[in-house]
file entry-v1.cif (mmCIF, C-alpha atoms)
data_start
#
loop_
_atom_site.label_atom_id
_atom_site.label_comp_id
_atom_site.auth_asym_id
_atom_site.auth_seq_id
_atom_site.Cartn_x
_atom_site.Cartn_y
_atom_site.Cartn_z
CA MET A 1 17.68 42.98 -31.50
CA ARG A 2 16.31 43.53 -28.02
CA LEU A 3 12.64 43.47 -27.12
CA LEU A 4 12.54 47.21 -26.62
CA THR A 5 13.45 47.68 -30.28
CA HIS A 6 11.05 44.94 -31.42
CA ASN A 7 8.30 46.94 -29.73
CA TYR A 8 8.58 49.62 -32.42
CA LEU A 9 9.26 47.60 -35.54
CA GLN A 10 6.56 46.98 -38.09
CA SER A 11 6.27 45.45 -41.51
CA THR A 12 5.54 47.84 -44.37
CA VAL A 13 5.01 45.23 -47.08
CA LYS A 14 2.25 46.07 -49.56
CA GLY A 15 -0.93 44.44 -48.34
CA THR A 16 -0.26 44.76 -44.64
CA GLU A 17 -3.06 46.17 -42.55
CA LYS A 18 -1.03 46.73 -39.49
CA GLY A 19 2.17 44.69 -39.82
CA TYR A 20 2.53 44.66 -36.06
CA PRO A 21 3.62 43.08 -33.87
CA LEU A 22 6.16 41.07 -35.80
CA LYS A 23 6.38 37.45 -34.73
CA ILE A 24 9.78 36.51 -33.39
CA GLU A 25 11.28 33.26 -34.65
CA ALA A 26 14.68 33.22 -33.03
CA THR A 27 17.46 30.79 -33.83
CA THR A 28 20.14 32.38 -31.67
CA ILE A 29 19.34 34.14 -28.42
CA GLU A 30 21.88 35.80 -26.17
CA TYR A 31 21.70 37.30 -22.75
CA GLU A 32 24.05 40.13 -21.87
CA GLU A 33 23.66 41.95 -18.61
CA SER A 34 23.78 45.70 -18.97
CA PRO A 35 23.84 48.51 -16.40
CA PHE A 36 20.44 49.02 -14.78
CA ASP A 37 19.11 52.57 -14.78
CA ALA A 38 15.81 52.63 -12.89
CA GLU A 39 14.79 56.09 -14.03
CA PHE A 40 15.56 55.27 -17.65
CA VAL A 41 13.31 52.19 -17.51
CA ARG A 42 10.60 54.11 -15.71
CA SER A 43 10.64 56.85 -18.36
CA LEU A 44 10.25 54.34 -21.18
CA ILE A 45 7.26 52.50 -19.74
CA PRO A 46 4.57 54.89 -21.04
CA LYS A 47 6.16 54.54 -24.48
CA ILE A 48 5.97 50.81 -24.92
CA ASP A 49 3.20 48.46 -25.92
CA TYR A 50 3.29 46.13 -22.95
CA SER A 51 1.19 43.38 -24.53
CA THR A 52 3.77 43.18 -27.31
CA VAL A 53 6.48 42.75 -24.69
CA LEU A 54 4.60 39.81 -23.19
CA ILE A 55 4.01 38.22 -26.59
CA GLY A 56 7.65 38.68 -27.55
CA ILE A 57 8.96 37.20 -24.33
CA GLN A 58 6.65 34.22 -24.77
CA GLN A 59 7.96 33.59 -28.28
CA ILE A 60 11.52 33.76 -27.01
CA SER A 61 10.74 31.54 -24.03
CA ASP A 62 9.21 28.94 -26.30
CA LYS A 63 12.35 28.88 -28.38
CA LEU A 64 14.60 28.60 -25.32
CA GLU A 65 12.56 25.66 -24.10
CA GLU A 66 12.81 24.00 -27.49
CA SER A 67 16.59 24.24 -27.42
CA ASN A 68 16.75 23.14 -23.78
CA ASN A 69 17.97 26.62 -22.87
CA ILE A 70 21.61 25.61 -23.08
CA GLN A 71 22.79 29.01 -21.94
CA GLY A 72 20.58 28.87 -18.89
CA ILE A 73 18.90 32.20 -19.57
CA THR A 74 16.38 33.09 -16.91
CA ILE A 75 13.37 35.01 -18.07
CA PRO A 76 11.84 36.97 -15.22
CA ASP A 77 8.14 36.61 -14.46
CA LEU A 78 6.22 39.64 -15.53
CA PRO A 79 2.71 40.71 -14.47
CA GLU A 80 -0.12 40.57 -17.00
CA SER A 81 -0.42 44.33 -16.86
CA ILE A 82 1.68 47.15 -15.49
CA GLU A 83 -0.97 49.85 -15.69
CA ASN A 84 -1.77 50.20 -12.06
CA GLU A 85 1.30 48.42 -10.87
CA ASP A 86 3.50 50.04 -8.36
CA LEU A 87 6.71 50.48 -10.28
CA GLN A 88 9.06 49.36 -7.57
CA GLU A 89 12.72 48.74 -8.23
CA ASP A 90 12.08 45.02 -8.24
CA LEU A 91 9.66 45.20 -11.15
CA LEU A 92 11.78 47.79 -12.95
CA LYS A 93 14.75 45.40 -12.76
CA LYS A 94 12.71 42.63 -14.34
CA LEU A 95 11.53 44.98 -17.05
CA HIS A 96 15.11 46.07 -17.64
CA THR A 97 16.20 42.48 -18.15
CA VAL A 98 13.38 41.74 -20.54
CA LEU A 99 13.59 44.95 -22.54
CA PHE A 100 17.37 45.45 -22.68
CA ASP A 101 19.32 42.29 -21.96
CA ILE A 102 17.76 39.54 -24.03
CA HIS A 103 18.91 39.68 -27.64
CA VAL A 104 17.68 37.91 -30.73
CA VAL A 105 20.96 37.64 -32.60
CA GLU A 106 19.85 35.38 -35.44
CA GLY A 107 16.37 34.55 -36.62
CA ASP A 108 13.41 36.00 -38.43
CA LEU A 109 10.68 38.52 -37.82
CA VAL A 110 7.43 37.47 -39.46
CA CYS A 111 4.79 39.91 -40.68
CA PRO A 112 1.46 38.98 -39.05
CA ASP A 113 -0.55 39.99 -42.14
CA THR A 114 1.50 38.70 -45.06
CA GLY A 115 3.77 36.08 -43.49
CA ARG A 116 6.77 37.83 -45.04
CA ARG A 117 9.96 36.97 -43.20
CA PHE A 118 12.55 39.59 -42.32
CA ASN A 119 15.91 38.13 -41.45
CA ILE A 120 17.88 39.09 -38.36
CA LYS A 121 21.64 38.76 -38.71
CA LYS A 122 24.13 39.70 -35.98
CA GLY A 123 21.27 41.28 -34.11
CA ILE A 124 20.31 43.55 -37.02
CA PRO A 125 16.90 43.02 -38.66
CA ASN A 126 16.83 43.56 -42.41
CA MET A 127 13.61 45.35 -43.30
CA ILE A 128 14.45 46.17 -46.92
CA LEU A 129 11.53 45.40 -49.22
CA HIS A 130 11.78 43.79 -52.62
CA ALA A 131 10.56 45.71 -55.66
CA ASP A 132 7.30 43.79 -55.80
CA GLU A 133 6.47 44.45 -52.16
CA ILE A 134 6.28 48.20 -52.41
CA GLU B 3 38.07 64.50 -48.81
CA GLU B 4 41.75 64.85 -48.07
CA VAL B 5 44.22 62.67 -49.81
CA GLY B 6 46.37 60.74 -47.43
CA GLN B 7 44.02 60.70 -44.49
CA ASN B 8 45.11 58.34 -41.79
CA ASP B 9 42.75 56.61 -39.49
CA SER B 10 44.10 57.74 -36.14
CA VAL B 11 41.53 59.50 -34.03
CA ARG B 12 42.25 63.18 -33.50
CA PRO B 13 40.67 64.98 -30.60
CA LEU B 14 38.24 67.59 -31.86
CA ASP B 15 37.11 70.36 -29.60
CA ARG B 16 34.80 71.92 -32.15
CA VAL B 17 32.43 70.57 -34.69
CA GLU B 18 33.67 71.71 -38.03
CA ALA B 19 31.05 70.90 -40.58
CA ARG B 20 32.80 73.12 -43.09
CA ASN B 21 35.83 70.89 -43.09
CA PHE B 22 34.28 68.07 -44.94
CA PRO B 23 31.64 69.34 -47.32
CA PRO B 24 32.31 68.56 -50.93
CA ARG B 25 34.49 71.18 -52.55
CA TRP B 26 33.72 70.33 -56.08
CA GLY B 27 31.48 68.29 -58.20
CA THR B 28 30.68 67.70 -61.81
CA GLN B 29 27.30 68.36 -63.29
CA LYS B 30 25.89 65.15 -64.64
CA ASN B 31 22.87 64.54 -66.72
CA LEU B 32 20.15 62.78 -64.88
CA ILE B 33 17.84 62.25 -67.81
CA GLY B 34 16.03 59.00 -67.85
CA GLU B 35 14.64 59.34 -64.34
CA SER B 36 10.95 58.66 -64.08
CA ASP B 37 8.59 61.62 -64.09
CA ASP B 38 5.85 59.57 -62.52
CA ASP B 39 4.64 61.49 -59.48
CA LEU B 40 4.09 58.34 -57.50
CA ASP B 41 7.26 56.51 -58.39
CA ILE B 42 9.44 56.17 -55.33
CA SER B 43 11.40 53.16 -56.49
CA THR B 44 15.19 53.32 -56.30
CA PRO B 45 16.69 55.01 -59.38
CA GLU B 46 19.87 53.53 -60.86
CA THR B 47 21.78 56.72 -60.01
CA GLU B 48 21.12 56.18 -56.32
CA ARG B 49 21.67 52.44 -56.44
CA ASN B 50 25.09 52.91 -58.02
CA HIS B 51 26.16 56.25 -56.61
CA VAL B 52 24.72 56.25 -53.13
CA HIS B 53 23.86 52.75 -51.89
CA ALA B 54 26.74 50.89 -53.50
CA VAL B 55 29.23 53.59 -52.59
CA TYR B 56 28.40 53.63 -48.87
CA ASP B 57 28.48 49.84 -48.83
CA ALA B 58 31.97 49.93 -50.30
CA ILE B 59 33.44 52.77 -48.23
CA ALA B 60 31.71 51.98 -44.93
CA THR B 61 34.87 51.28 -42.93
CA GLN B 62 36.76 54.35 -44.09
CA TRP B 63 33.63 56.47 -43.69
CA HIS B 64 33.30 55.36 -40.11
CA HIS B 65 36.99 56.01 -39.44
CA THR B 66 37.01 59.48 -40.95
CA ARG B 67 33.58 60.79 -39.96
CA GLY B 68 32.17 58.68 -37.20
CA LYS B 69 35.28 57.98 -35.16
CA ARG B 70 36.41 61.57 -35.32
CA GLY B 71 33.06 62.77 -34.09
CA VAL B 72 32.48 65.06 -37.03
CA LEU B 73 28.82 65.93 -36.62
CA TRP B 74 26.48 68.17 -38.59
CA PRO B 75 25.83 71.49 -36.94
CA GLY B 76 22.95 71.87 -34.53
CA ALA B 77 22.28 68.15 -34.30
CA THR B 78 23.68 67.81 -30.80
CA ARG B 79 21.81 70.96 -29.75
CA PHE B 80 18.56 69.51 -31.09
CA LEU B 81 19.11 66.19 -29.36
CA GLN B 82 20.01 67.81 -26.05
CA GLN B 83 16.67 69.58 -25.99
CA LEU B 84 14.66 66.38 -26.10
CA PRO B 85 12.98 65.28 -22.87
CA LYS B 86 14.52 62.30 -21.08
CA GLY B 87 13.04 58.99 -22.05
CA SER B 88 12.36 60.05 -25.63
CA ILE B 89 12.19 57.47 -28.37
CA VAL B 90 14.18 58.87 -31.28
CA ALA B 91 14.25 57.62 -34.85
CA ASP B 92 17.57 58.28 -36.61
CA VAL B 93 16.72 57.79 -40.26
CA GLY B 94 19.84 57.33 -42.35
CA CYS B 95 21.88 56.84 -39.20
CA GLY B 96 24.98 55.53 -40.98
CA ASP B 97 27.54 54.49 -38.40
CA GLY B 98 25.40 55.78 -35.55
CA LYS B 99 27.43 58.85 -34.75
CA TYR B 100 24.45 60.61 -33.16
CA PHE B 101 23.64 57.69 -30.89
CA PRO B 102 25.92 58.71 -27.99
CA ALA B 103 24.30 62.14 -27.73
CA ILE B 104 20.86 60.52 -27.56
CA TRP B 105 21.88 57.89 -25.03
CA GLU B 106 23.66 60.37 -22.79
CA GLU B 107 20.50 62.48 -22.72
CA GLY B 108 18.63 59.50 -21.27
CA SER B 109 16.74 58.62 -24.42
CA TYR B 110 16.54 55.59 -26.73
CA VAL B 111 17.40 55.69 -30.40
CA ILE B 112 16.45 53.29 -33.17
CA GLY B 113 18.59 53.85 -36.23
CA THR B 114 17.83 52.77 -39.77
CA ASP B 115 20.06 52.90 -42.83
CA ILE B 116 20.10 51.43 -46.32
CA SER B 117 23.69 50.28 -45.92
CA GLU B 118 24.23 47.15 -43.85
CA PRO B 119 28.05 47.47 -43.84
CA LEU B 120 27.72 50.98 -42.49
CA LEU B 121 25.33 49.85 -39.76
CA GLN B 122 27.79 47.16 -38.73
CA THR B 123 30.35 49.85 -37.91
CA SER B 124 27.97 51.26 -35.29
CA ILE B 125 28.31 48.17 -33.12
CA GLY B 126 30.54 48.86 -30.14
CA ALA B 127 31.68 52.04 -31.85
CA CYS B 128 32.19 54.21 -28.82
CA ALA B 129 34.86 54.17 -26.16
CA SER B 130 34.04 54.28 -22.48
CA ALA B 131 34.17 57.76 -21.03
CA ASP B 132 37.51 58.13 -19.39
CA PRO B 133 39.57 61.24 -18.63
CA ALA B 134 42.58 59.51 -20.13
CA ASN B 135 40.78 58.95 -23.41
CA VAL B 136 42.03 61.45 -25.95
CA GLY B 137 39.34 60.70 -28.47
CA PRO B 138 36.48 63.09 -29.17
CA GLN B 139 34.08 63.49 -26.27
CA ASN B 140 31.05 62.84 -28.43
CA ARG B 141 32.43 59.40 -29.23
CA GLN B 142 32.47 58.29 -25.63
CA VAL B 143 29.70 56.79 -23.57
CA SER B 144 29.28 56.80 -19.84
CA SER B 145 29.32 53.50 -17.97
CA SER B 146 25.53 53.25 -17.77
CA LYS B 147 25.28 53.23 -21.56
CA THR B 148 27.85 50.59 -22.40
CA GLY B 149 25.14 48.02 -23.04
CA LEU B 150 23.51 50.23 -25.64
CA ASN B 151 26.87 50.92 -27.28
CA ALA B 152 27.69 47.22 -27.48
CA ARG B 153 24.41 46.47 -29.23
CA PRO B 154 22.87 49.59 -30.74
CA ALA B 155 19.28 49.34 -31.95
CA VAL B 156 19.59 49.41 -35.71
CA ALA B 157 17.80 47.93 -38.70
CA VAL B 158 18.57 47.86 -42.39
CA ALA B 159 15.84 49.84 -44.07
CA ASP B 160 14.98 52.22 -46.88
CA CYS B 161 13.79 55.68 -45.78
CA MET B 162 10.97 55.26 -48.30
CA HIS B 163 9.53 52.66 -45.93
CA ILE B 164 10.62 53.29 -42.38
CA PRO B 165 9.88 50.04 -40.50
CA LEU B 166 8.56 51.78 -37.40
CA ARG B 167 5.03 51.99 -36.06
CA SER B 168 3.10 55.12 -36.86
CA LYS B 169 3.25 57.83 -34.21
CA SER B 170 5.55 55.73 -32.06
CA CYS B 171 8.53 58.09 -31.83
CA ASP B 172 8.90 61.28 -29.86
CA ALA B 173 11.37 62.74 -32.32
CA ALA B 174 13.34 61.98 -35.45
CA ILE B 175 16.54 63.11 -37.08
CA CYS B 176 17.31 62.77 -40.76
CA ILE B 177 20.75 64.16 -41.34
CA ALA B 178 22.66 64.12 -44.61
CA VAL B 179 20.03 61.91 -46.23
CA MET B 180 17.77 64.20 -48.23
CA HIS B 181 20.64 65.27 -50.47
CA HIS B 182 21.04 61.69 -51.65
CA LEU B 183 17.45 61.51 -52.93
CA SER B 184 17.36 62.28 -56.62
CA THR B 185 13.65 62.88 -57.32
CA SER B 186 10.90 65.03 -55.85
CA PRO B 187 8.56 62.11 -55.12
CA ARG B 188 11.30 60.38 -53.12
CA ARG B 189 12.12 63.53 -51.16
CA ILE B 190 8.47 64.07 -50.34
CA ARG B 191 8.03 60.41 -49.44
CA CYS B 192 10.94 60.60 -46.99
CA LEU B 193 9.33 63.59 -45.30
CA GLN B 194 5.98 61.82 -45.20
CA GLU B 195 7.54 58.78 -43.59
CA LEU B 196 9.26 60.92 -40.99
CA SER B 197 5.95 62.56 -40.22
CA ARG B 198 4.22 59.20 -39.99
CA VAL B 199 6.52 57.66 -37.42
CA VAL B 200 6.72 60.69 -35.14
CA LYS B 201 3.90 61.43 -32.70
CA LYS B 202 1.81 64.55 -33.07
CA GLY B 203 3.74 67.48 -31.64
CA GLY B 204 7.05 65.65 -31.95
CA MET B 205 10.10 67.35 -33.43
CA ILE B 206 12.00 66.38 -36.56
CA ASN B 207 15.45 67.66 -37.50
CA ILE B 208 16.42 67.49 -41.16
CA GLN B 209 19.75 68.60 -42.59
CA ALA B 210 21.11 68.54 -46.10
CA TRP B 211 23.72 70.24 -48.28
CA ALA B 212 22.93 73.75 -49.46
CA LEU B 213 23.75 74.91 -52.94
CA GLU B 214 24.74 78.37 -51.84
CA GLN B 215 27.80 78.46 -49.70
CA GLU B 216 29.03 81.44 -47.70
CA GLN B 217 30.25 84.43 -49.58
CA GLY B 218 33.96 84.25 -49.86
CA SER B 219 33.91 80.55 -49.36
CA ARG B 220 35.99 78.66 -51.85
CA ARG B 221 33.29 76.01 -51.95
CA LYS B 222 31.45 76.14 -55.19
CA PHE B 223 29.25 73.49 -56.59
CA ALA B 224 29.00 72.93 -60.30
CA GLY B 225 25.23 72.65 -60.20
CA THR B 226 22.25 71.42 -58.21
CA ASP B 227 22.87 67.75 -58.95
CA VAL B 228 26.46 66.69 -58.75
CA PHE B 229 28.73 63.75 -58.27
CA VAL B 230 31.02 64.27 -55.35
CA PRO B 231 34.16 62.16 -55.29
CA PHE B 232 35.14 60.09 -52.29
CA ASN B 233 38.75 59.00 -52.35
CA ALA B 234 38.92 55.54 -50.84
CA GLN B 235 42.16 54.05 -49.68
CA PRO B 236 42.44 50.52 -51.07
CA ARG B 237 43.35 49.07 -47.69
CA TYR B 238 39.81 49.78 -46.52
CA LEU B 239 38.19 48.04 -49.45
CA ASP B 240 37.60 44.40 -48.84
CA LYS B 241 36.41 43.32 -52.26
CA VAL B 242 39.85 43.33 -53.81
CA GLN B 243 42.45 41.00 -52.34
CA THR B 244 45.72 41.78 -53.94
CA GLU B 245 49.35 41.43 -52.92
CA SER B 246 49.91 44.96 -53.99
CA LYS B 247 47.18 46.20 -51.68
CA GLN B 248 49.63 47.65 -49.21
CA SER B 249 51.30 49.75 -51.84
CA ALA B 250 48.48 50.67 -54.09
CA LYS B 251 50.63 52.43 -56.61
CA PRO B 252 51.93 50.45 -59.53
CA ASP B 253 55.42 49.09 -59.06
CA ASP B 254 58.08 48.48 -61.65
CA ASN B 255 56.62 45.15 -62.57
CA GLY B 256 53.40 47.06 -63.20
CA CYS B 257 50.25 46.47 -61.19
CA LYS B 258 48.55 47.60 -64.30
CA GLY B 259 45.77 45.23 -63.49
CA ALA B 260 44.93 47.20 -60.36
CA ALA B 261 42.88 49.84 -62.11
CA GLU B 262 40.83 47.21 -63.81
CA MET B 263 40.52 45.13 -60.68
CA TYR B 264 39.11 47.94 -58.62
CA SER B 265 36.91 49.16 -61.38
CA ASP B 266 35.52 45.68 -61.82
CA ALA B 267 35.04 44.97 -58.16
CA TYR B 268 33.38 48.29 -57.53
CA ASP B 269 31.24 49.03 -60.51
CA GLY B 270 32.15 52.40 -61.91
CA ALA B 271 34.76 53.34 -59.34
CA GLU B 272 37.95 54.61 -60.85
CA TYR B 273 41.45 53.86 -59.75
CA ASP B 274 43.61 56.93 -59.48
CA GLU B 275 47.04 55.47 -60.09
CA ARG B 276 48.95 58.58 -59.25
CA LYS B 277 47.34 58.94 -55.83
CA GLY B 278 46.84 55.24 -55.27
CA LEU B 279 43.21 55.77 -54.41
CA VAL B 280 39.93 54.34 -55.59
CA VAL B 281 37.61 57.19 -56.46
CA PHE B 282 33.88 56.72 -55.93
CA GLN B 283 31.35 59.24 -57.16
CA ARG B 284 28.54 60.00 -54.73
CA TYR B 285 25.34 61.49 -56.06
CA CYS B 286 24.27 64.65 -54.21
CA HIS B 287 21.42 67.07 -54.76
CA MET B 288 22.26 70.51 -53.38
CA TYR B 289 19.24 72.37 -52.04
CA LYS B 290 18.67 75.96 -53.08
CA GLU B 291 17.61 78.43 -50.43
CA GLY B 292 14.00 77.74 -49.57
CA GLU B 293 13.81 74.49 -51.50
CA LEU B 294 13.74 72.20 -48.50
CA GLU B 295 11.21 74.45 -46.75
CA ASN B 296 9.07 74.35 -49.84
CA LEU B 297 9.05 70.56 -49.82
CA VAL B 298 8.12 70.44 -46.14
CA SER B 299 5.29 72.89 -46.70
CA LYS B 300 3.71 70.44 -49.15
CA ILE B 301 3.04 68.09 -46.25
CA ASP B 302 0.04 69.10 -44.17
CA SER B 303 1.13 67.28 -41.08
CA LEU B 304 4.48 69.05 -40.90
CA GLU B 305 5.04 72.57 -39.69
CA ILE B 306 8.33 74.39 -39.96
CA VAL B 307 9.49 75.53 -36.56
CA ASP B 308 12.89 76.77 -37.54
CA SER B 309 15.02 76.68 -40.63
CA GLY B 310 18.28 78.13 -41.72
CA PHE B 311 21.71 77.72 -43.04
CA GLU B 312 24.87 76.95 -41.19
#
call {"tool": "encode", "arguments": {"input": "entry-v1.cif", "output": "structure tokens"}}
result
Amino acid sequence: MRLLTHNYLQSTVKGTEKGYPLKIEATTIEYEESPFDAEFVRSLIPKIDYSTVLIGIQQISDKLEESNNIQGITIPDLPESIENEDLQEDLLKKLHTVLFDIHVVEGDLVCPDTGRRFNIKKGIPNMILHADEI
Amino acid sequence: EEVGQNDSVRPLDRVEARNFPPRWGTQKNLIGESDDDLDISTPETERNHVHAVYDAIATQWHHTRGKRGVLWPGATRFLQQLPKGSIVADVGCGDGKYFPAIWEEGSYVIGTDISEPLLQTSIGACASADPANVGPQNRQVSSSKTGLNARPAVAVADCMHIPLRSKSCDAAICIAVMHHLSTSPRRIRCLQELSRVVKKGGMINIQAWALEQEQGSRRKFAGTDVFVPFNAQPRYLDKVQTESKQSAKPDDNGCKGAAEMYSDAYDGAEYDERKGLVVFQRYCHMYKEGELENLVSKIDSLEIVDSGFE
């Protein structure tokens, strides 16, 4: 699961007010460089919740630090806000890395309202609810 | 479903939706389903004859539908009209066969499906675009999209509860899903969920089997709610490990246990000894003319832009 996807996921468990953003508790993180398409990144920017991106990257960073970042993944520095930022190629590249190339392969997503954990396996979050959660 | 399908990829230069629709079906009683207007919980019929079936046949499904690029009509057309940079929800995405069209159009798709095995087949599913590649064009991705193909954005989820933020998507597709929903409340709920996740003004494309087929067509369905057989080749089924798996037909020493083995491993599936195939029954509701439109019209937030039959 990449951060771009995480940006859209929410918990729908009974009792959630918002169910968003889901807290990332990663156990396995991978970095895989993918082709950079500046225009593609630029077109997605109005569609994302940037504060969620920052929160997500922080949660992943914390986990990397905990595990001594064995893979040596470098998380680019991102500005606090991109609203009035000049979207130069440099910044777009950093956004690309953060949104597309960092993957939570194993771990959990935690509902902020109910604490319900959704498991991520092989990069695929399982958001199926149990009968008593509907 | 043809008997004796092999899994080699044939180049297709036309989408032929008519090649694979069910040709027959048996009317089954569906009594015992809840009449409760608000009940959207999973009925046993769907658990056993939709969810469990796709879980079991995922690999063969992907080989015979996904890999061959057999797409429902108009889907590619719909997707090609979306503005670049669209966020698209593919609800009931299966093996992700519509993903390449969305990626190539410069948009991002998040797919959800109830079947985890089927979702797994979407990972790295497409070949790199290459003139030498004889596979279907719609199963190839250009070099800038290889990262997306290697790790498609998918989540296991029920269409009754799409795990996406409200109004977060520019568009949604829901293809070959509605005909697997066996009650009105569930069909309406699916439409409501689609409406919820798509932004105001966004487009939604929904496709499902029609009861009425073309005049002169030899396709005839036994009724509105049918079981449609899927003939699975045992070599694709991973629940049964048997020495006789390569030759599924009984030999002289008698693999008489095979029928029982498959039937046990896959609840309710039948072993066709003569053909050497495991037959699953998929529940399908065939929509009468106007029925789908009628359902959509019950939802205030949805407006029919175009509808038809292909």
call {"tool": "resolve_selection", "arguments": {"input": "entry-v1.cif", "expression": "the PyMOL selection byres ((chain B) within 8 of (chain A))", "output": "PDB file with C-alpha atoms, in the frame of the given file"}}
result
ATOM      1  CA  SER B  43      11.400  53.160 -56.490  1.00  0.00           C
ATOM      2  CA  LYS B  86      14.520  62.300 -21.080  1.00  0.00           C
ATOM      3  CA  GLY B  87      13.040  58.990 -22.050  1.00  0.00           C
ATOM      4  CA  SER B  88      12.360  60.050 -25.630  1.00  0.00           C
ATOM      5  CA  ILE B  89      12.190  57.470 -28.370  1.00  0.00           C
ATOM      6  CA  GLY B 108      18.630  59.500 -21.270  1.00  0.00           C
ATOM      7  CA  SER B 109      16.740  58.620 -24.420  1.00  0.00           C
ATOM      8  CA  ILE B 112      16.450  53.290 -33.170  1.00  0.00           C
ATOM      9  CA  ILE B 116      20.100  51.430 -46.320  1.00  0.00           C
ATOM     10  CA  SER B 145      29.320  53.500 -17.970  1.00  0.00           C
ATOM     11  CA  SER B 146      25.530  53.250 -17.770  1.00  0.00           C
ATOM     12  CA  LYS B 147      25.280  53.230 -21.560  1.00  0.00           C
ATOM     13  CA  THR B 148      27.850  50.590 -22.400  1.00  0.00           C
ATOM     14  CA  GLY B 149      25.140  48.020 -23.040  1.00  0.00           C
ATOM     15  CA  ARG B 153      24.410  46.470 -29.230  1.00  0.00           C
ATOM     16  CA  ALA B 155      19.280  49.340 -31.950  1.00  0.00           C
ATOM     17  CA  VAL B 156      19.590  49.410 -35.710  1.00  0.00           C
ATOM     18  CA  ALA B 157      17.800  47.930 -38.700  1.00  0.00           C
ATOM     19  CA  VAL B 158      18.570  47.860 -42.390  1.00  0.00           C
ATOM     20  CA  ALA B 159      15.840  49.840 -44.070  1.00  0.00           C
ATOM     21  CA  ASP B 160      14.980  52.220 -46.880  1.00  0.00           C
ATOM     22  CA  HIS B 163       9.530  52.660 -45.930  1.00  0.00           C
ATOM     23  CA  ILE B 164      10.620  53.290 -42.380  1.00  0.00           C
ATOM     24  CA  PRO B 165       9.880  50.040 -40.500  1.00  0.00           C
ATOM     25  CA  LEU B 166       8.560  51.780 -37.400  1.00  0.00           C
ATOM     26  CA  ARG B 167       5.030  51.990 -36.060  1.00  0.00           C
ATOM     27  CA  SER B 170       5.550  55.730 -32.060  1.00  0.00           C
TER      28      SER B 170
END
call {"tool": "atom_distance", "arguments": {"input": "entry-v1.cif", "atom1": "atom CA of Met162 of chain B", "atom2": "atom CA of Leu193 of chain B"}}
result
9.0 Å
call {"tool": "closest_residue", "arguments": {"input": "entry-v1.cif", "among": "A:Asp77, A:Asp90, A:Glu65, A:Glu106", "to": "Ile24 of chain A", "atoms": "only C-alpha atoms"}}
result
A:Glu106
call {"tool": "closest_residue", "arguments": {"input": "entry-v1.cif", "among": "A:Asn119, A:Ile29, A:Ser81, A:Glu89", "to": "Val105 of chain A", "atoms": "only C-alpha atoms"}}
result
A:Ile29
call {"tool": "closest_residue", "arguments": {"input": "entry-v1.cif", "among": "B:Pro119, B:Gly137, B:Gly204, B:Gly310", "to": "Ile59 of chain B", "atoms": "all atoms listed in the file"}}
result
B:Pro119
call {"tool": "resolve_selection", "arguments": {"input": "entry-v1.cif", "expression": "the PyMOL selection byres ((chain B and resi 238) around 10)", "output": "list in words"}}
result
Ala58, Ile59, Ala60, Thr61, Gln62, Trp63, His65, Ala234, Gln235, Pro236, Arg237, Leu239, Asp240, Lys241, Val242 and Lys247 of chain B
call {"tool": "residues_around", "arguments": {"input": "entry-v1.cif", "residues": "Ala26 of chain A", "least_positions_apart": "3", "cutoff": "7 Å", "atoms": "only C-alpha atoms", "output": "ChimeraX atom specification"}}
result
/A:29,60,63,104,106-108
call {"tool": "resolve_selection", "arguments": {"input": "entry-v1.cif", "expression": "the PyMOL selection byres ((chain A and resi 109) around 7)", "output": "VMD selection string"}}
result
chain A and resid 22 to 25 108 110 to 111 117 to 119
call {"tool": "write_last_selection", "arguments": {"input": "entry-v1.cif", "atoms": "C-alpha atoms", "output": "compact mmCIF listing (two decimals), in the coordinates of the input"}}
result
# COMPACT_ATOMS: atom_id res chain seq x y z
CA LEU A 22 6.16 41.07 -35.80
CA LYS A 23 6.38 37.45 -34.73
CA ILE A 24 9.78 36.51 -33.39
CA GLU A 25 11.28 33.26 -34.65
CA ASP A 108 13.41 36.00 -38.43
CA VAL A 110 7.43 37.47 -39.46
CA CYS A 111 4.79 39.91 -40.68
CA ARG A 117 9.96 36.97 -43.20
CA PHE A 118 12.55 39.59 -42.32
CA ASN A 119 15.91 38.13 -41.45
call {"tool": "build_atoms", "arguments": {"input": "entry-v1.cif", "residues": "segment 114-119 of chain A", "atoms": "N, CA and C atoms", "output": "compact mmCIF listing (two decimals), in the frame of the given file"}}
result
# COMPACT_ATOMS: atom_id res chain seq x y z
N THR A 114 1.09 39.31 -43.79
CA THR A 114 1.50 38.70 -45.06
C THR A 114 2.38 37.47 -44.90
N GLY A 115 2.88 37.22 -43.71
CA GLY A 115 3.77 36.08 -43.49
C GLY A 115 5.19 36.32 -43.99
N ARG A 116 5.44 37.48 -44.50
CA ARG A 116 6.77 37.83 -45.04
C ARG A 116 7.80 37.76 -43.91
N ARG A 117 8.93 37.13 -44.21
CA ARG A 117 9.96 36.97 -43.20
C ARG A 117 11.06 38.01 -43.39
N PHE A 118 11.43 38.64 -42.30
CA PHE A 118 12.55 39.59 -42.32
C PHE A 118 13.67 38.96 -41.50
N ASN A 119 14.83 38.83 -42.11
CA ASN A 119 15.91 38.13 -41.45
C ASN A 119 16.65 39.00 -40.44
